[in-house]
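Novice: Sharing data-v9.json (JSON, C-alpha atoms and all ligand atoms) below.
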```
[["chain", "number", "residue", "atom", "x", "y", "z"],
["A", 18, "MET", "CA", -18.09, 12.30, 6.01],
["A", 19, "SER", "CA", -14.89, 10.80, 7.39],
["A", 20, "LYS", "CA", -14.40, 9.84, 11.03],
["A", 21, "GLU", "CA", -11.49, 8.43, 12.97],
["A", 22, "ILE", "CA", -11.81, 4.93, 14.41],
["A", 23, "THR", "CA", -9.50, 2.94, 16.65],
["A", 24, "PRO", "CA", -7.95, -0.35, 15.49],
["A", 25, "ALA", "CA", -10.31, -2.10, 17.93],
["A", 26, "GLU", "CA", -13.25, -0.64, 16.00],
["A", 27, "PHE", "CA", -11.88, -1.84, 12.64],
["A", 28, "ASP", "CA", -14.40, -4.51, 11.67],
["A", 29, "TYR", "CA", -13.63, -4.99, 7.99],
["A", 30, "ASN", "CA", -12.65, -8.45, 6.81],
["A", 31, "VAL", "CA", -8.94, -8.11, 6.02],
["A", 32, "PHE", "CA", -8.96, -10.91, 3.46],
["A", 33, "ASN", "CA", -11.59, -9.08, 1.42],
["A", 34, "THR", "CA", -10.21, -5.61, 2.14],
["A", 35, "ILE", "CA", -6.67, -6.41, 1.04],
["A", 36, "GLY", "CA", -7.15, -9.27, -1.38],
["A", 37, "LYS", "CA", -10.35, -8.20, -3.14],
["A", 38, "ASP", "CA", -10.84, -4.45, -2.64],
["A", 39, "TRP", "CA", -7.07, -3.87, -2.85],
["A", 40, "MET", "CA", -4.96, -1.16, -1.21],
["A", 41, "LEU", "CA", -3.55, 2.03, -2.64],
["A", 42, "ILE", "CA", -0.12, 2.55, -1.08],
["A", 43, "SER", "CA", 1.12, 6.10, -1.20],
["A", 44, "ALA", "CA", 4.28, 7.79, 0.01],
["A", 45, "SER", "CA", 5.73, 11.27, -0.41],
["A", 46, "ALA", "CA", 9.32, 12.45, -0.66],
["A", 47, "ASN", "CA", 11.03, 15.63, -1.82],
["A", 48, "GLY", "CA", 7.71, 17.32, -2.48],
["A", 49, "LYS", "CA", 6.42, 14.54, -4.72],
["A", 50, "THR", "CA", 3.91, 11.75, -4.10],
["A", 51, "ASN", "CA", 3.47, 8.43, -5.83],
["A", 52, "ALA", "CA", 1.01, 5.62, -5.27],
["A", 53, "MET", "CA", 0.43, 2.08, -6.47],
["A", 54, "THR", "CA", -2.12, -0.66, -6.06],
["A", 55, "ALA", "CA", -1.30, -3.63, -3.84],
["A", 56, "SER", "CA", -3.27, -6.73, -3.00],
["A", 57, "TRP", "CA", -0.75, -8.64, -0.93],
["A", 58, "GLY", "CA", -0.20, -7.84, 2.71],
["A", 59, "GLY", "CA", -1.79, -8.17, 6.09],
["A", 60, "MET", "CA", -2.72, -6.56, 9.38],
["A", 61, "GLY", "CA", -2.11, -7.61, 12.95],
["A", 62, "VAL", "CA", -0.12, -6.98, 16.09],
["A", 63, "MET", "CA", 3.68, -6.87, 16.37],
["A", 64, "TRP", "CA", 6.03, -5.54, 19.01],
["A", 65, "GLY", "CA", 2.95, -4.49, 20.98],
["A", 66, "LYS", "CA", 1.79, -2.24, 18.14],
["A", 67, "ASN", "CA", -1.09, -2.38, 15.65],
["A", 68, "VAL", "CA", 0.59, -2.98, 12.33],
["A", 69, "ALA", "CA", 0.11, -3.67, 8.67],
["A", 70, "TYR", "CA", 2.59, -5.36, 6.39],
["A", 71, "ILE", "CA", 2.96, -4.72, 2.70],
["A", 72, "VAL", "CA", 5.30, -6.22, 0.11],
["A", 73, "ILE", "CA", 6.84, -4.16, -2.69],
["A", 74, "ARG", "CA", 8.91, -5.37, -5.62],
["A", 75, "PRO", "CA", 12.20, -3.57, -6.32],
["A", 76, "GLN", "CA", 11.13, -2.16, -9.69],
["A", 77, "ARG", "CA", 8.16, -0.18, -8.31],
["A", 78, "TYR", "CA", 8.62, 3.58, -8.47],
["A", 79, "THR", "CA", 6.57, 3.82, -5.28],
["A", 80, "LYS", "CA", 9.34, 1.89, -3.50],
["A", 81, "GLU", "CA", 11.69, 4.85, -3.97],
["A", 82, "PHE", "CA", 9.17, 7.07, -2.15],
["A", 83, "ILE", "CA", 8.56, 4.51, 0.60],
["A", 84, "ASP", "CA", 12.31, 4.11, 1.16],
["A", 85, "ALA", "CA", 12.83, 7.88, 1.26],
["A", 86, "SER", "CA", 10.06, 8.53, 3.75],
["A", 87, "ASP", "CA", 9.31, 7.46, 7.32],
["A", 88, "GLU", "CA", 5.61, 7.34, 6.60],
["A", 89, "LEU", "CA", 3.10, 6.02, 4.11],
["A", 90, "THR", "CA", -0.65, 5.75, 3.71],
["A", 91, "ILE", "CA", -2.78, 2.75, 2.87],
["A", 92, "SER", "CA", -6.16, 3.54, 1.30],
["A", 93, "VAL", "CA", -9.04, 1.31, 0.34],
["A", 94, "PHE", "CA", -11.75, 2.40, -2.08],
["A", 95, "GLY", "CA", -15.17, 1.19, -3.09],
["A", 96, "GLU", "CA", -16.09, -0.54, -6.33],
["A", 97, "GLU", "CA", -16.53, 2.85, -8.08],
["A", 98, "LYS", "CA", -12.73, 3.24, -8.09],
["A", 99, "ARG", "CA", -11.95, -0.22, -9.50],
["A", 100, "LYS", "CA", -10.92, 1.21, -12.87],
["A", 101, "ALA", "CA", -8.67, 3.81, -11.23],
["A", 102, "MET", "CA", -7.14, 1.14, -8.98],
["A", 103, "THR", "CA", -6.41, -1.09, -11.97],
["A", 104, "TYR", "CA", -4.76, 1.88, -13.66],
["A", 105, "MET", "CA", -2.69, 2.65, -10.52],
["A", 106, "GLY", "CA", -1.57, -0.98, -10.59],
["A", 107, "THR", "CA", -0.58, -1.25, -14.24],
["A", 108, "VAL", "CA", 1.03, 2.10, -15.11],
["A", 109, "SER", "CA", 4.16, 3.45, -13.41],
["A", 110, "GLY", "CA", 4.43, 6.91, -11.92],
["A", 111, "ARG", "CA", 7.75, 7.10, -13.77],
["A", 112, "ASP", "CA", 5.75, 7.47, -16.97],
["A", 113, "GLU", "CA", 2.62, 9.38, -15.98],
["A", 114, "ASP", "CA", 1.25, 11.62, -13.25],
["A", 115, "LYS", "CA", -0.97, 8.77, -12.12],
["A", 116, "ILE", "CA", -2.64, 10.41, -9.14],
["A", 117, "ALA", "CA", -3.82, 13.37, -11.23],
["A", 118, "LYS", "CA", -4.91, 11.16, -14.13],
["A", 119, "ALA", "CA", -6.82, 8.74, -11.92],
["A", 120, "GLY", "CA", -8.88, 11.64, -10.57],
["A", 121, "PHE", "CA", -8.40, 11.03, -6.85],
["A", 122, "ALA", "CA", -9.24, 13.89, -4.51],
["A", 123, "VAL", "CA", -5.93, 14.56, -2.78],
["A", 124, "PHE", "CA", -5.73, 16.09, 0.71],
["A", 125, "GLU", "CA", -2.87, 16.62, 3.12],
["A", 126, "ALA", "CA", -2.66, 15.99, 6.86],
["A", 127, "ASP", "CA", 0.49, 16.11, 8.98],
["A", 128, "GLY", "CA", 2.63, 16.24, 5.83],
["A", 129, "GLN", "CA", 1.07, 13.10, 4.36],
["A", 130, "LYS", "CA", -1.09, 13.06, 1.27],
["A", 131, "PHE", "CA", -4.32, 11.08, 1.44],
["A", 132, "PHE", "CA", -7.33, 10.52, -0.75],
["A", 133, "GLY", "CA", -10.64, 12.06, 0.28],
["A", 134, "ASP", "CA", -12.75, 9.52, -1.55],
["A", 135, "ALA", "CA", -11.23, 6.48, 0.20],
["A", 136, "LYS", "CA", -13.47, 4.15, 2.21],
["A", 137, "ILE", "CA", -10.60, 3.50, 4.65],
["A", 138, "THR", "CA", -7.37, 5.45, 5.11],
["A", 139, "MET", "CA", -4.57, 4.23, 7.35],
["A", 140, "PHE", "CA", -1.75, 6.61, 8.23],
["A", 141, "CYS", "CA", 1.31, 4.50, 8.90],
["A", 142, "ARG", "CA", 4.88, 4.81, 10.12],
["A", 143, "LYS", "CA", 7.58, 2.40, 8.96],
["A", 144, "LEU", "CA", 8.98, 0.10, 11.62],
["A", 145, "TYR", "CA", 10.85, -2.58, 9.70],
["A", 146, "ALA", "CA", 11.90, -3.43, 6.14],
["A", 147, "GLN", "CA", 13.46, -6.60, 4.84],
["A", 148, "GLU", "CA", 14.01, -7.99, 1.37],
["A", 149, "MET", "CA", 12.80, -11.55, 0.94],
["A", 150, "GLN", "CA", 15.51, -14.11, 0.31],
["A", 151, "GLU", "CA", 15.56, -17.19, -1.87],
["A", 152, "ASN", "CA", 17.04, -19.40, 0.86],
["A", 153, "CYS", "CA", 14.29, -18.49, 3.32],
["A", 154, "PHE", "CA", 11.49, -20.10, 1.31],
["A", 155, "ILE", "CA", 10.33, -23.25, 3.08],
["A", 156, "ASP", "CA", 7.77, -23.94, 0.36],
["A", 157, "LYS", "CA", 10.02, -23.60, -2.68],
["A", 158, "SER", "CA", 7.00, -23.57, -5.00],
["A", 159, "CYS", "CA", 6.22, -19.99, -3.85],
["A", 160, "ASP", "CA", 9.70, -18.94, -4.89],
["A", 161, "GLU", "CA", 9.47, -20.75, -8.22],
["A", 162, "LYS", "CA", 5.98, -19.46, -8.98],
["A", 163, "TRP", "CA", 6.42, -15.80, -8.07],
["A", 164, "TYR", "CA", 10.11, -14.96, -8.44],
["A", 165, "ALA", "CA", 11.27, -16.30, -11.78],
["A", 166, "ASP", "CA", 13.05, -12.95, -12.26],
["A", 167, "LYS", "CA", 14.49, -12.99, -8.71],
["A", 168, "ASP", "CA", 12.74, -9.69, -8.06],
["A", 169, "TYR", "CA", 12.05, -10.42, -4.42],
["A", 170, "HIS", "CA", 9.60, -8.24, -2.55],
["A", 171, "THR", "CA", 10.73, -6.07, 0.30],
["A", 172, "MET", "CA", 8.39, -6.53, 3.23],
["A", 173, "TYR", "CA", 7.59, -3.42, 5.24],
["A", 174, "ILE", "CA", 5.98, -3.69, 8.64],
["A", 175, "VAL", "CA", 4.30, -0.38, 9.44],
["A", 176, "GLU", "CA", 2.61, 0.90, 12.55],
["A", 177, "ILE", "CA", -0.98, 1.99, 11.96],
["A", 178, "GLN", "CA", -1.09, 5.38, 13.65],
["A", 179, "LYS", "CA", -4.51, 6.62, 12.59],
["A", 180, "ILE", "CA", -7.49, 5.15, 10.75],
["A", 181, "LEU", "CA", -10.11, 7.26, 8.96],
["A", 182, "VAL", "CA", -13.29, 5.74, 7.54],
["A", 183, "ASN", "CA", -15.86, 7.27, 5.23],
["A", 184, "ASP", "CA", -19.45, 6.23, 5.85],
["A", 201, "LIG", "C1", -4.50, -5.83, -8.15],
["A", 201, "LIG", "C2", -3.04, -5.51, -8.13],
["A", 201, "LIG", "C3", -2.29, -5.83, -7.02],
["A", 201, "LIG", "C4", -0.92, -5.54, -6.95],
["A", 201, "LIG", "N1", -0.22, -5.85, -5.82],
["A", 201, "LIG", "C5", 1.10, -5.54, -5.74],
["A", 201, "LIG", "C6", 1.82, -5.80, -4.54],
["A", 201, "LIG", "O1", 1.28, -6.24, -3.51],
["A", 201, "LIG", "N2", 3.16, -5.50, -4.54],
["A", 201, "LIG", "C7", 3.80, -4.98, -5.63],
["A", 201, "LIG", "O2", 5.02, -4.74, -5.58],
["A", 201, "LIG", "N3", 3.13, -4.70, -6.78],
["A", 201, "LIG", "C8", 1.78, -4.95, -6.85],
["A", 201, "LIG", "N4", 1.08, -4.64, -7.98],
["A", 201, "LIG", "C9", 1.77, -4.02, -9.13],
["A", 201, "LIG", "C10", 1.95, -2.49, -9.01],
["A", 201, "LIG", "O3", 0.79, -1.85, -8.54],
["A", 201, "LIG", "C11", 2.30, -1.94, -10.41],
["A", 201, "LIG", "O4", 3.49, -2.49, -10.87],
["A", 201, "LIG", "C12", 2.33, -0.41, -10.47],
["A", 201, "LIG", "O5", 2.25, -0.03, -11.82],
["A", 201, "LIG", "C13", 3.56, 0.17, -9.83],
["A", 201, "LIG", "O6", 3.52, 1.56, -10.00],
["A", 201, "LIG", "P1", 4.76, 2.53, -9.68],
["A", 201, "LIG", "O7", 5.89, 2.12, -10.59],
["A", 201, "LIG", "O8", 4.22, 3.90, -9.97],
["A", 201, "LIG", "O9", 5.10, 2.33, -8.24],
["A", 201, "LIG", "C14", -0.28, -4.92, -8.06],
["A", 201, "LIG", "C15", -1.04, -4.59, -9.19],
["A", 201, "LIG", "C16", -2.40, -4.87, -9.23],
["A", 201, "LIG", "C17", -3.21, -4.48, -10.44]]
```
Turn this file's structure into structure tokens for me.
Specialist:
Amino acid sequence: MSKEITPAEFDYNVFNTIGKDWMLISASANGKTNAMTASWGGMGVMWGKNVAYIVIRPQRYTKEFIDASDELTISVFGEEKRKAMTYMGTVSGRDEDKIAKAGFAVFEADGQKFFGDAKITMFCRKLYAQEMQENCFIDKSCDEKWYADKDYHTMYIVEIQKILVND
């Protein structure tokens, strides 16, 4: 049974939620939806709003949907979806209908698709997007380690508009 909570009631550890459980980032455009797994990002407060930030490499098909839409969802699942999450993070939606194949229960609210079996669903609205730049790295080892192909992430800061949790 899902219920809405406020950001103040969100008492999950973000390091575990993002880094260990992982997020499924989904966006819809032109009647289609795509989603991918992400384990880098954060949550906090910016411009007086409750926000999340996510980072997406240029080659991700999901990026095309994020760029074409004002909104996106961030979903977190339990251990039972680990295999599906690994699949969503290794295969591209350019090649397969991932959402159907992974067996997620897809619902729609306010024009946004979301996944009924998620432990946490955050409905978000884009506020800011910026591609990371080589000359901005203060610790150059991060650049060397993660961007050998110069495929810098775009960082999106999104306002968390609604949070649903499944008990
Ligand atoms: C655990 C895990 C975490 C990932 N985190 C990110 C991430 O934060 N940003 C990113 O751009 N790609 C990340 N990926 C890679 C994408 O999920 C992967 O390339 C996916 O196949 C892209 O699908 P798409 O082309 O349908 O968008 C991650 C993959 C896994 C397995």
Novice: Between atom CA of Asn47 of chain A and atom CA of Arg99 of chain A, what is the spacing in Å?
Specialist: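 Between these atoms lies a distance of 29.0 Å.
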Novice: Sorted by chain and rising residue number, list the residues of chain A at most 10 Å from ligand LIG 201 (chain A) (counting all atoms listed in the file), each with its closest atom pair and distance in Å to one decimal, as CSV.
Specialist:
```
residue,atom,partner,partner_atom,distance
A:Ile35,CA,A:LIG201,O1,9.2
A:Gly36,CA,A:LIG201,C1,8.0
A:Lys37,CA,A:LIG201,C1,8.1
A:Asp38,CA,A:LIG201,C1,8.5
A:Trp39,CA,A:LIG201,C1,6.2
A:Met40,CA,A:LIG201,C3,7.9
A:Leu41,CA,A:LIG201,O3,8.3
A:Ile42,CA,A:LIG201,O3,8.7
A:Ser43,CA,A:LIG201,O9,8.9
A:Ala44,CA,A:LIG201,O9,9.9
A:Thr50,CA,A:LIG201,O8,9.8
A:Asn51,CA,A:LIG201,O8,6.2
A:Ala52,CA,A:LIG201,O8,5.9
A:Met53,CA,A:LIG201,O3,4.5
A:Thr54,CA,A:LIG201,O3,4.0
A:Ala55,CA,A:LIG201,N1,3.2
A:Ser56,CA,A:LIG201,C3,4.2
A:Trp57,CA,A:LIG201,O1,4.1
A:Gly58,CA,A:LIG201,O1,6.6
A:Ile71,CA,A:LIG201,O1,6.6
A:Val72,CA,A:LIG201,N2,5.2
A:Ile73,CA,A:LIG201,O2,3.5
A:Arg74,CA,A:LIG201,O2,3.9
A:Pro75,CA,A:LIG201,O2,7.3
A:Gln76,CA,A:LIG201,O7,6.8
A:Arg77,CA,A:LIG201,O7,4.0
A:Tyr78,CA,A:LIG201,O9,3.7
A:Thr79,CA,A:LIG201,O9,3.6
A:Lys80,CA,A:LIG201,O9,6.4
A:Glu81,CA,A:LIG201,O9,8.2
A:Phe82,CA,A:LIG201,O9,8.7
A:Ile83,CA,A:LIG201,O9,9.7
A:Arg99,CA,A:LIG201,C1,9.4
A:Lys100,CA,A:LIG201,C17,9.9
A:Ala101,CA,A:LIG201,C17,10.0
A:Met102,CA,A:LIG201,C17,7.0
A:Thr103,CA,A:LIG201,C17,4.9
A:Tyr104,CA,A:LIG201,C17,7.3
A:Met105,CA,A:LIG201,O5,5.8
A:Gly106,CA,A:LIG201,O3,3.2
A:Thr107,CA,A:LIG201,O5,3.9
A:Val108,CA,A:LIG201,O5,4.1
A:Ser109,CA,A:LIG201,O8,3.5
A:Gly110,CA,A:LIG201,O8,3.6
A:Arg111,CA,A:LIG201,O8,6.1
A:Asp112,CA,A:LIG201,O8,8.0
A:Glu113,CA,A:LIG201,O8,8.3
A:Asp114,CA,A:LIG201,O8,8.9
A:Lys115,CA,A:LIG201,O8,7.4
A:Ile116,CA,A:LIG201,O8,9.5
A:Asp168,CA,A:LIG201,O2,9.5
A:Tyr169,CA,A:LIG201,O2,9.1
A:His170,CA,A:LIG201,O2,6.5
A:Thr171,CA,A:LIG201,O2,8.3
A:Met172,CA,A:LIG201,N2,9.4
```
Novice: Report, in Å with one decimal, the straight-line distance from atom CA of Ala25 of chain A to atom CA of Asp87 of chain A.
Specialist: 24.3 Å
Novice: Find the spatial neighbours of Met18 of chain A, counting only C-alpha atoms, within a cut-off of 9 Å - ignore same-chain residues fewer than 3 positions away - and output them as number ranges by chain.
Specialist: A: 182-184
Novice: Pick from A:Phe154, A:Tyr145, A:Phe124, A:Tyr29: nearest to Ile174 of chain A, with all atoms listed in the file counted?
Specialist: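 Answer, going by the shortest atom-to-atom distance: A:Tyr145.
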Novice: Nearest to Leu181 of chain A: which of A:Lys20, A:Lys66, A:Lys98, A:Lys157 is it, counting all atoms listed in the file?
Specialist: A:Lys20
Novice: Counting all atoms listed in the file, which residues sit no farther than 6 Å from the position (-6.6, 3.0, 3.9) in the file's frame? I'd like them as a list of chain:residue names.
Specialist: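 Result, sorted by chain then residue number: A:Ile91, A:Ser92, A:Val93, A:Ile137, A:Thr138, A:Met139.
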Novice: Which polymer residues have any atom within 10 Å of an atom of Glu151 of chain A, counting only C-alpha atoms, with same-chain residues fewer than 3 positions away left out, as an NGL selection string?
Specialist: :A and (148 or 154-155 or 157 or 159-161 or 164 or 167 or 169)
Novice: What is the distance between atom CA of Ile177 of chain A and atom CA of Ala126 of chain A, in Å to one decimal?
Specialist: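 Separating atom CA of Ile177 of chain A from atom CA of Ala126 of chain A is a distance of 15.0 Å.
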Novice: Hey, which of A:Ala69, A:Leu144, A:Ala135, A:Ala122 ends up closest to Asp84 of chain A? Count all atoms listed in the file.
Specialist: A:Leu144
